[in-house]
Amino acid sequence: MSNVENWKSLLEGKNADEVVTKALVRDVDLPYGAGTMALITLDNGFDHTKPNTFGPQGLLALDEALDGIAARTDIVAVGLVGKPFIFAVGADLKGAAAVTSREEALAIGALGHHVFRRLGELGVPSFAFVNGAAMGGGLEIALHCVYRTISSGVPAVALPECFLGLVPGWGGTQLLPRLIGPEKALKLIIENPLSQNRMIKGRDAFELGIADAMFEPADFLEESLRWAAQVLRAEVTVERVSHTDADWTPVIDQARTLVDLKLRGASPAPYRALDLVAQARTATRDEGFAAEDEALADLLMGDELRAGLYSFDLVQRRAKRPAGAPDKALAHKVTKVGVVGAGLMASQLALLFARRLEVPVVLTDLDQERLDKGVGYVHAEIGKLQAKGRISSDRANRLKALVTGSLTKDAFADADFVIEAVFEDLKVKQQVFAEVEAVVSETCVLATNTSSLSITEMAAGLRHPERVVGFHFFNPVAVLPLLEIVRGAATDDATLATAFAVAKSLKKSSVLVKDAPAFVVNRLLTRFMGEVIAAVDEGTPVETADHALDGLGLPMTPFALLQLVGPAVALHVAETMHAAFPDRYGVSENLAKLVAAGKPGLYGADFQIDPQARALFEGGSTPSTGDEVRLRALRALAQEIDLMLAEGVVSAAEDIDLCMILGAGWPFHTGGVTPYLDRTGISEEVTGRRFLAPGVASVPAV
Amino acid sequence: MPASREVVFVDGVRTPFGKSGPKGLYAETRADDLVVRVIRELMRRNPNLPPDRVDEVAIAATTQIGDQGLTIGRSAAVLAGLPKSVPGYAIDRMCAGAMTAVTTVAGGISFGAYDVAIAGGVEHMGRHPMGEGVDPNPRFLSEQLVDGSALIMGMTAENLHDRYPTITKDRADAFAVASQEKVAKAYADGRIQPDLVPMATRKAAEGWGLATVDEAPRPGTSMEGLRALKTPFRAHGRVTAGNASGINDGATGCVVAAEEVAAELGLTPKMRLVSYAFAGVDPEVMGVGPIPSTERALRLAGLSIGDIGLFEINEAFAVQVLAFLEHFGIADDDPRVNPYGGAIAFGHPLASSGVRLMTQLAREFAERPDVRYGITTMCVGMGMGGTVIWENLA
């Protein structure tokens with residue numbers, strides 16, 4: 001059996017739902033009498049909302065098309081182009097998730113290489129015409145071609161594999177650094193994926209040297225074909241710089257430092273990618289591609305990637321269709337928004353609502369000076385956007401005109417959605433809502449940005465408690481994508497539907513949460529932080545405790561997070577949680593002392609532990625090791641999640657993970673939190689069972 | 001403001017013409033994309049023309065809805081990436097749309113309203129079949145303002161045979177065979193290709209392709225072959241698919257400028273506008289239209305038919321060309337007439353054809369510096385003719 005047959009039999013039927021990207025071949029008479037090109041169009045038969053991907057069937061279809069082309073003697077070149085707006089966006093991830101054995105995993109890598117490399121090894125030159133988004137394997141297939149053109153309108157070029165937990169292993173780690181040099185290649189392979197999966201545009205890709213020529217989208221293919229004809233007639237020559245003589249070690253080391261800083265070794269993929277790039281300087285194609293196959297197989301059979309795919313799916317799908325959200329049709333139209341308060345949070349909310357909803361937003365405050373400051377903040381931020389060229393002056397005028405201030409709440413009379421962002425005190429908030437209800441219509445939604453107070457209690461005294469909903473943002477409001485939407489005991493479906501619709505307009509991902517203390521993210525982070533602080537209180541050195549969880553590759557250490565939140569806020573939340581669950585949530589006296597001392601946290605301005613702050617925490621006599629702190633914190637999380645699921649705080653563990661990814665920035669390779677607890681055995685140890693079935697966010701048992 | 005300025009034809013291009021219908025080149029290609037491609041090619045071929053010096057974009061289409069709607073001159077200008085400061089409009093005189101686009105902007109240039117304009121036309125007869133959406137006023141027939149056959153172009157051609165009994169079906173067929181032969185020769189000599197802009201064509205089931213040559217020509221067409229064709233407009237009639245132009249998709253465009261501005265910008269004009277005229281005739285014999293329009297244009301220019309060294313006459317129907325030739329006493333096979341062949345072979349995407357005639361005349365002029373004057377003329381539905389007389393600058 002040939003290799004291809006072997007791979008075919010291994011992968012056949014693994015993903016019956018594969019959306020097959022077809023390879024349509026047509027002959028093109030090139031301009032200037034340059035001869036006939038066999039032009040391959042990659043097209044899965046759907047519009048641009050379902051981009052071209054490569055699964056086994058698609059790869060085999062392309063292989064077959066290349067068989068036909070290779071057998072011909074009447075063509076002078078081969079071209080490769082995508083469907084309108086899309087070139088190709090890489091491997092079929094559903095197929096990757098269906099792999100159950102290392103043999104299959106190896107076959108996926110090997111089949112991809114086998115097919116893609118043919119484009120660079122035909123008897124005639126090959127041209128990729130990158131007309132639209134090119135990601136992952138979509139960019140790699142272009143790299144296998146001898147020449148590339150790119151449209152200046154391409155919105156996204158990326159190698160996002162490391163973001164998910166893979167490596168660009170269909171040639172990307174070998175071909176790209178040799179084409180554009182290791183430094184630029186590592187930007188695409190490592191740096192961008194680890195920076196919230198940043199993408200570059202067609203113009204940037206051309207400037208990096210990924211494409212040999214760039215043409216405007218209006219007649220991109222025609223001009224690309226004209227250029228190809230000129231290349232074939234030697235009227236245009238493509239200059240290539242060799243990068244293999246230089247010493248690659250310094251740039252590889254530099255990238256490794258970056259990866260360490262971000263991941264602290266927590267996820268293997270970027271490290272494998274670094275090794276492969278390092279190898280690319282001297283490896284032959286066969287050696288390099290074989291090394292990529294091995295890396296892909298290892299990673300595909302690792303739980304970090306599976307958690308990454310799970311996380312990607314949560315963010316791409318579940319976040320867009322929140323579990324438990326009522327029928328969209330029930331939502332009220334929001335044509336005006338009220339914001340109670342004019343502090344920093346309120347001003348940030350006003351800016352966000354104005355930018356995204358494009359409706360009038362009124363801030364109210366009792367104090368004219370605060371009000372002026374709040375409106376002034378919004379106008380200044382709009383001015384900054386304009387100065388940066390992000391918005392036109394017309395749009396700036398429009399947005400500024402939308403945001404106004406009022407000393408009295410009667411300005412809310414025709415508002416459809418009023419959100420309060422006043423001091424976290426139940427009485428104050430109840431009072432605010434009573435005042436708002438006195439002026440607004442019967443259906444106006446009253447939303448609260450509370451992070452810990454009960455929605456049900458807040459609504460209790462109102463004539464229409466069914467209109468109150470929790471709308472919990474994360475700081476910074478403009479950056480963090482999560483909104484916890486909290487249903488109180490009386491909240492009705494129309495209110496909830498309106499809240500979800502507004503969240504969507506704000507471009508936030510929302511999760512439906514029950515009215516329970518601190519909802520999801522703050523409840524878990526406070527529990528987690530509580531254990532770490534308690535360990536320090538007991539005598540564990542600050543550094544030991546703070547770095548005990550480095551192995552998870554979290555965005556920041558617990559005490560760095562404390563610094564960001566501010567000790568006073570952290571203390572307040574801890575007290576609230578202690579009141580709710582005194583058995584599990586403590587209040588550190590040392591933390592109270594830190595607040596009293598007016599310290600911004602445990603770290604000083606020099607990013608070292610502040611000796612005075614350290615002194616406040618000293619005196620404990622039962623220190624723990626880092627390992628003990630880690631286990632203690634993770635066990636606490638497992639216990640808390642188990643309780644939250646039992647209480648029905650969210651509808652499933654997936655929502656907990658979605659919240660931790662989007663609200664706390666927990667990484668893809670931990671799958672948020674529950675896949676990590678499952679794969680380390682902590683879930684079973686604490687609760688007697690896993691949170692997710694094997695295979696959901698881990699390598700499935702065969 | 002200058003009272004009157006000389007107007008020149010700087011450069012013209014077109015897409016290859018396709019056959020309309022589901023198997024045609026452009027079956028899944030938008031009409032506006034054809035225009036966009038033409039405009040971009042004109043700008044690319046004339047790098048001395050700064051995009052912001054284009055003062056108007058006039059694009060003709062007979063059916064101005066869908067992808068030929070939305071004021072196609074303006075929308076195509078925006079889609080082509082011309083500066084937003086460049087205005088545009090849509091224009092319609094059916095088959096003479098592009099010709100009228102040229103004469104209209106020429107009038108504006110002469111008056112001093114514009115320095116440089118782009119004029120052209122498009123018709124995607126596959127996406128917009130002839131007569132799509134029309135709603136003829138019932139008075140046309142109830143008051144016998146026009147004959148019932150006036151709106152069916154093939155019938156008007158049969159009517160023209162009636163008016164010129166000496167023009168037999170054989171003469172029409174012979175003219176058609178010659179047209180196919182002349183197109184084949186012009187292609188073989190490389191006269192056509194330089195003014196074609198290759199157009200990407202995508203079909204969902206086949207992927208991307210590239211149109212580089214006209215789809216309609218049928219080299220090797222014979223008298224025997226033509227005799228076998230049906231006469232769909234009249235039993236035992238004379239008009240067939242073989243001695244008429246087809247149903248086609250395509251776009252054309254040209255740069256027209258004030259002569260002094262062309263010189264200032266360093267553009268190289270190919271022809272100078274001498275005169276133009278349009279005329280009306282009975283709609284049921286619309287094919288005679290070019291006769292009165294040409295007589296008027298000659299009169300305006302102070303020229304006689306003998307001064308004209310080259311004729312580009314649109315071959316909507318062979319009979320209509322032959323009627324013109326017979327009227328002016330020119331032989332059917334006069335080498336001055338359509339030397340590269342005509343619409344019977346190339347095809348006739350209605351509103352685009354006028355600029356094809358001009359582009360071809362310009363290339364013929366370049367080959368024949370000895371010829372001073374040439375004519376582009378065509379018949380128009382609803383009983384009209386249009387003629388533009390040009391002076392050779394080669």
# chains A, B, ... in the order shown; residues from 1 in each chain; ligands from 1

$ closest_atom_pairs --of "chain A" --to "chain B" --cutoff "12 Å" --atoms "only C-alpha atoms" --output "JSON lines"
{"residue": "A:Thr21", "atom": "CA", "partner": "B:Gly207", "partner_atom": "CA", "distance": 11.9}
{"residue": "A:Lys22", "atom": "CA", "partner": "B:Gly207", "partner_atom": "CA", "distance": 9.5}
{"residue": "A:Ala23", "atom": "CA", "partner": "B:Gly207", "partner_atom": "CA", "distance": 8.4}
{"residue": "A:Leu24", "atom": "CA", "partner": "B:Gly207", "partner_atom": "CA", "distance": 5.5}
{"residue": "A:Val25", "atom": "CA", "partner": "B:Gly207", "partner_atom": "CA", "distance": 7.0}
{"residue": "A:Arg26", "atom": "CA", "partner": "B:Gly209", "partner_atom": "CA", "distance": 6.3}
{"residue": "A:Asp27", "atom": "CA", "partner": "B:Gly209", "partner_atom": "CA", "distance": 7.1}
{"residue": "A:Val28", "atom": "CA", "partner": "B:Leu210", "partner_atom": "CA", "distance": 5.8}
{"residue": "A:Asp29", "atom": "CA", "partner": "B:Thr212", "partner_atom": "CA", "distance": 7.0}
{"residue": "A:Leu30", "atom": "CA", "partner": "B:Thr212", "partner_atom": "CA", "distance": 8.2}
{"residue": "A:Pro31", "atom": "CA", "partner": "B:Thr212", "partner_atom": "CA", "distance": 7.6}
{"residue": "A:Tyr32", "atom": "CA", "partner": "B:Gln193", "partner_atom": "CA", "distance": 9.7}
{"residue": "A:Gly33", "atom": "CA", "partner": "B:Thr212", "partner_atom": "CA", "distance": 10.5}
{"residue": "A:Thr36", "atom": "CA", "partner": "B:Leu210", "partner_atom": "CA", "distance": 10.9}
{"residue": "A:Met37", "atom": "CA", "partner": "B:Gly209", "partner_atom": "CA", "distance": 10.1}
{"residue": "A:Ala38", "atom": "CA", "partner": "B:Gly209", "partner_atom": "CA", "distance": 9.6}
{"residue": "A:Leu39", "atom": "CA", "partner": "B:Trp208", "partner_atom": "CA", "distance": 7.3}
{"residue": "A:Ile40", "atom": "CA", "partner": "B:Gly207", "partner_atom": "CA", "distance": 7.4}
{"residue": "A:Thr41", "atom": "CA", "partner": "B:Gly207", "partner_atom": "CA", "distance": 5.1}
{"residue": "A:Leu42", "atom": "CA", "partner": "B:Gly207", "partner_atom": "CA", "distance": 7.7}
{"residue": "A:Asp43", "atom": "CA", "partner": "B:Gly207", "partner_atom": "CA", "distance": 7.5}
{"residue": "A:Asn44", "atom": "CA", "partner": "B:Ala204", "partner_atom": "CA", "distance": 9.8}
{"residue": "A:Gly45", "atom": "CA", "partner": "B:Ala204", "partner_atom": "CA", "distance": 7.3}
{"residue": "A:Phe46", "atom": "CA", "partner": "B:Ala204", "partner_atom": "CA", "distance": 9.5}
{"residue": "A:Asp47", "atom": "CA", "partner": "B:Ala204", "partner_atom": "CA", "distance": 10.1}
{"residue": "A:Gly79", "atom": "CA", "partner": "B:Trp208", "partner_atom": "CA", "distance": 10.3}
{"residue": "A:Leu80", "atom": "CA", "partner": "B:Trp208", "partner_atom": "CA", "distance": 9.7}
{"residue": "A:Val81", "atom": "CA", "partner": "B:Trp208", "partner_atom": "CA", "distance": 7.9}
{"residue": "A:Gly82", "atom": "CA", "partner": "B:Trp208", "partner_atom": "CA", "distance": 8.8}
{"residue": "A:Lys83", "atom": "CA", "partner": "B:Gly207", "partner_atom": "CA", "distance": 7.7}
{"residue": "A:Pro84", "atom": "CA", "partner": "B:Arg202", "partner_atom": "CA", "distance": 9.2}
{"residue": "A:Phe129", "atom": "CA", "partner": "B:Trp208", "partner_atom": "CA", "distance": 11.4}
{"residue": "A:Asn131", "atom": "CA", "partner": "B:Trp208", "partner_atom": "CA", "distance": 11.6}
{"residue": "A:Glu216", "atom": "CA", "partner": "B:Gly81", "partner_atom": "CA", "distance": 9.2}
{"residue": "A:Pro217", "atom": "CA", "partner": "B:Ala80", "partner_atom": "CA", "distance": 9.8}
{"residue": "A:Ala218", "atom": "CA", "partner": "B:Ala80", "partner_atom": "CA", "distance": 6.5}
{"residue": "A:Asp219", "atom": "CA", "partner": "B:Arg37", "partner_atom": "CA", "distance": 6.6}
{"residue": "A:Phe220", "atom": "CA", "partner": "B:Ala200", "partner_atom": "CA", "distance": 9.1}
{"residue": "A:Leu221", "atom": "CA", "partner": "B:Ala200", "partner_atom": "CA", "distance": 6.6}
{"residue": "A:Glu222", "atom": "CA", "partner": "B:Ala200", "partner_atom": "CA", "distance": 5.8}
{"residue": "A:Glu223", "atom": "CA", "partner": "B:Pro198", "partner_atom": "CA", "distance": 9.0}
{"residue": "A:Ser224", "atom": "CA", "partner": "B:Ala200", "partner_atom": "CA", "distance": 10.5}
{"residue": "A:Leu225", "atom": "CA", "partner": "B:Leu210", "partner_atom": "CA", "distance": 8.8}
{"residue": "A:Arg226", "atom": "CA", "partner": "B:Pro198", "partner_atom": "CA", "distance": 8.8}

$ select_by_dssp --residues "segment 421-563 of chain A" --states "strand (DSSP E)" --output "ChimeraX atom specification"
/A:445-448,468-473,482-487,509-514

$ write_last_selection --atoms "N, CA and C atoms" --output "short mmCIF file (atom, residue, chain, number, x, y, z; two decimals), in the first residue's frame"
data_model
loop_
_atom_site.label_atom_id
_atom_site.label_comp_id
_atom_site.auth_asym_id
_atom_site.auth_seq_id
_atom_site.Cartn_x
_atom_site.Cartn_y
_atom_site.Cartn_z
N VAL A 445 -35.51 48.81 30.71
CA VAL A 445 -34.70 47.83 31.44
C VAL A 445 -33.78 48.56 32.42
N LEU A 446 -33.73 48.03 33.63
CA LEU A 446 -32.81 48.58 34.63
C LEU A 446 -31.69 47.58 34.84
N ALA A 447 -30.49 47.96 34.45
CA ALA A 447 -29.36 47.05 34.54
C ALA A 447 -28.40 47.54 35.61
N THR A 448 -27.76 46.59 36.27
CA THR A 448 -26.78 46.96 37.28
C THR A 448 -25.44 46.32 36.94
N VAL A 468 -35.35 44.22 36.05
CA VAL A 468 -33.98 44.40 36.56
C VAL A 468 -33.10 43.21 36.15
N VAL A 469 -31.91 43.53 35.69
CA VAL A 469 -31.00 42.48 35.23
C VAL A 469 -29.57 42.88 35.59
N GLY A 470 -28.75 41.87 35.87
CA GLY A 470 -27.33 42.14 36.14
C GLY A 470 -26.57 42.20 34.82
N PHE A 471 -25.68 43.16 34.72
CA PHE A 471 -24.96 43.39 33.46
C PHE A 471 -23.52 43.68 33.86
N HIS A 472 -22.81 42.61 34.17
CA HIS A 472 -21.52 42.76 34.83
C HIS A 472 -20.35 42.78 33.84
N PHE A 473 -19.76 43.95 33.72
CA PHE A 473 -18.59 44.14 32.85
C PHE A 473 -17.31 43.79 33.60
N LEU A 482 -15.92 39.87 28.12
CA LEU A 482 -17.01 39.14 28.80
C LEU A 482 -18.03 40.06 29.46
N LEU A 483 -19.27 39.61 29.39
CA LEU A 483 -20.36 40.21 30.16
C LEU A 483 -21.07 39.07 30.87
N GLU A 484 -21.15 39.15 32.18
CA GLU A 484 -22.00 38.19 32.91
C GLU A 484 -23.38 38.80 33.00
N ILE A 485 -24.35 38.15 32.40
CA ILE A 485 -25.72 38.65 32.44
C ILE A 485 -26.46 37.84 33.51
N VAL A 486 -26.95 38.57 34.51
CA VAL A 486 -27.46 37.90 35.70
C VAL A 486 -28.97 38.01 35.77
N ARG A 487 -29.58 36.85 35.90
CA ARG A 487 -31.04 36.79 36.00
C ARG A 487 -31.43 36.80 37.48
N SER A 509 -19.17 39.15 24.56
CA SER A 509 -19.67 37.78 24.67
C SER A 509 -20.33 37.66 26.02
N SER A 510 -21.52 37.09 26.03
CA SER A 510 -22.21 37.07 27.31
C SER A 510 -22.51 35.64 27.75
N VAL A 511 -22.55 35.49 29.06
CA VAL A 511 -22.89 34.20 29.67
C VAL A 511 -24.01 34.46 30.65
N LEU A 512 -25.03 33.62 30.60
CA LEU A 512 -26.15 33.76 31.52
C LEU A 512 -25.78 33.15 32.87
N VAL A 513 -25.96 33.95 33.92
CA VAL A 513 -25.54 33.53 35.25
C VAL A 513 -26.71 33.70 36.22
N LYS A 514 -26.81 32.76 37.15
CA LYS A 514 -27.84 32.88 38.19
C LYS A 514 -27.43 33.94 39.19
#

$ closest_residue --among "A:Lys184, A:Arg281, A:Lys409, A:His113" --to "Asp293 of chain A" --atoms "only C-alpha atoms"
A:His113

$ residues_around --residues "Val673 of chain A" --least-positions-apart "5" --cutoff "9 Å" --atoms "only C-alpha atoms" --output "list in words"
Leu637, Ala638, Ile656, Asp657, Met660, Ile661, Trp666, Pro667 and Asp678 of chain A

$ residues_around --residues "Ser588 of chain A" --least-positions-apart "4" --cutoff "8 Å" --atoms "only C-alpha atoms" --output "PyMOL selection string"
chain A and resi 530+533-534+537+592

$ residues_around --residues "Leu93 of chain A" --least-positions-apart "2" --cutoff "9 Å" --atoms "only C-alpha atoms" --output "VMD selection string"
chain A and resid 53 to 55 90 to 91 95 to 98 309

$ residues_around --residues "Ser651 of chain A" --least-positions-apart "3" --cutoff "8 Å" --atoms "only C-alpha atoms" --output "list in words"
Ala323, Gly324, Leu645, Gly648 and Asp655 of chain A

$ residues_around --residues "segment 326-341 of chain B" --least-positions-apart "5" --cutoff "8 Å" --atoms "only C-alpha atoms" --output "list in words"
Phe175, Ala178, Ser179, Gln180, Glu181, Lys182, Val183, Lys185, Ala186, Arg191, Ile291, Ile305, Gly309, Leu310, Phe311, Glu312, Ile313, Phe346, Gln360 and Glu364 of chain B

$ write_last_selection --atoms "C-alpha atoms" --output "compact mmCIF listing (two decimals), in the first residue's frame"
# COMPACT_ATOMS: atom_id res chain seq x y z
CA PHE B 175 -21.68 40.08 -45.99
CA ALA B 178 -17.00 38.29 -44.97
CA SER B 179 -17.42 39.79 -41.52
CA GLN B 180 -16.39 36.48 -39.90
CA GLU B 181 -13.41 36.22 -42.26
CA LYS B 182 -12.29 39.78 -41.55
CA VAL B 183 -12.47 39.21 -37.77
CA LYS B 185 -7.83 37.85 -40.09
CA ALA B 186 -7.75 40.83 -37.74
CA ARG B 191 -5.21 43.96 -34.48
CA ILE B 291 -28.31 57.21 -43.26
CA ILE B 305 -19.16 60.88 -48.24
CA GLY B 309 -11.62 56.87 -45.87
CA LEU B 310 -12.75 54.38 -43.23
CA PHE B 311 -16.17 53.30 -41.99
CA GLU B 312 -16.92 51.54 -38.72
CA ILE B 313 -20.58 50.72 -38.97
CA PHE B 346 -17.68 40.11 -32.46
CA GLN B 360 -11.23 49.89 -33.82
CA GLU B 364 -7.21 51.37 -38.25

$ atom_distance --atom1 "atom CA of Ala251 of chain B" --atom2 "atom CA of Glu123 of chain B"
6.5 Å

$ atom_distance --atom1 "atom CA of Tyr26 of chain B" --atom2 "atom CA of Gly88 of chain B"
24.6 Å

$ atom_distance --atom1 "atom CA of Gln348 of chain A" --atom2 "atom CA of Lys336 of chain A"
16.5 Å

$ select_by_dssp --residues "segment 28-164 of chain B" --states "alpha helix (DSSP H)" --output "JSON, numbers by chain"
{"B": [31, 32, 33, 34, 35, 36, 37, 38, 39, 40, 41, 42, 43, 44, 45, 72, 73, 74, 75, 76, 77, 78, 79, 97, 98, 99, 100, 101, 102, 103, 104, 105, 106, 107, 108, 109, 110, 111, 139, 140, 141, 142, 153, 154, 155, 156, 157, 158, 159, 160, 161, 162, 163]}

$ closest_atom_pairs --of "segment 167-212 of chain B" --to "segment 234-247 of chain B" --cutoff "12 Å" --atoms "only C-alpha atoms" --output "CSV"
residue,atom,partner,partner_atom,distance
B:Ile167,CA,B:Arg238,CA,9.6
B:Thr168,CA,B:Arg238,CA,7.4
B:Lys169,CA,B:Arg238,CA,4.9
B:Asp170,CA,B:Arg238,CA,8.5
B:Arg171,CA,B:Asn243,CA,9.7
B:Ala172,CA,B:Asn243,CA,6.1
B:Asp173,CA,B:Asn243,CA,5.6
B:Ala174,CA,B:Asn243,CA,8.5
B:Phe175,CA,B:Asn243,CA,7.6
B:Ala176,CA,B:Asn243,CA,5.1
B:Val177,CA,B:Asn243,CA,8.2
B:Ala178,CA,B:Asn243,CA,10.4
B:Ser179,CA,B:Asn243,CA,9.4
B:Gln180,CA,B:Gly242,CA,9.9
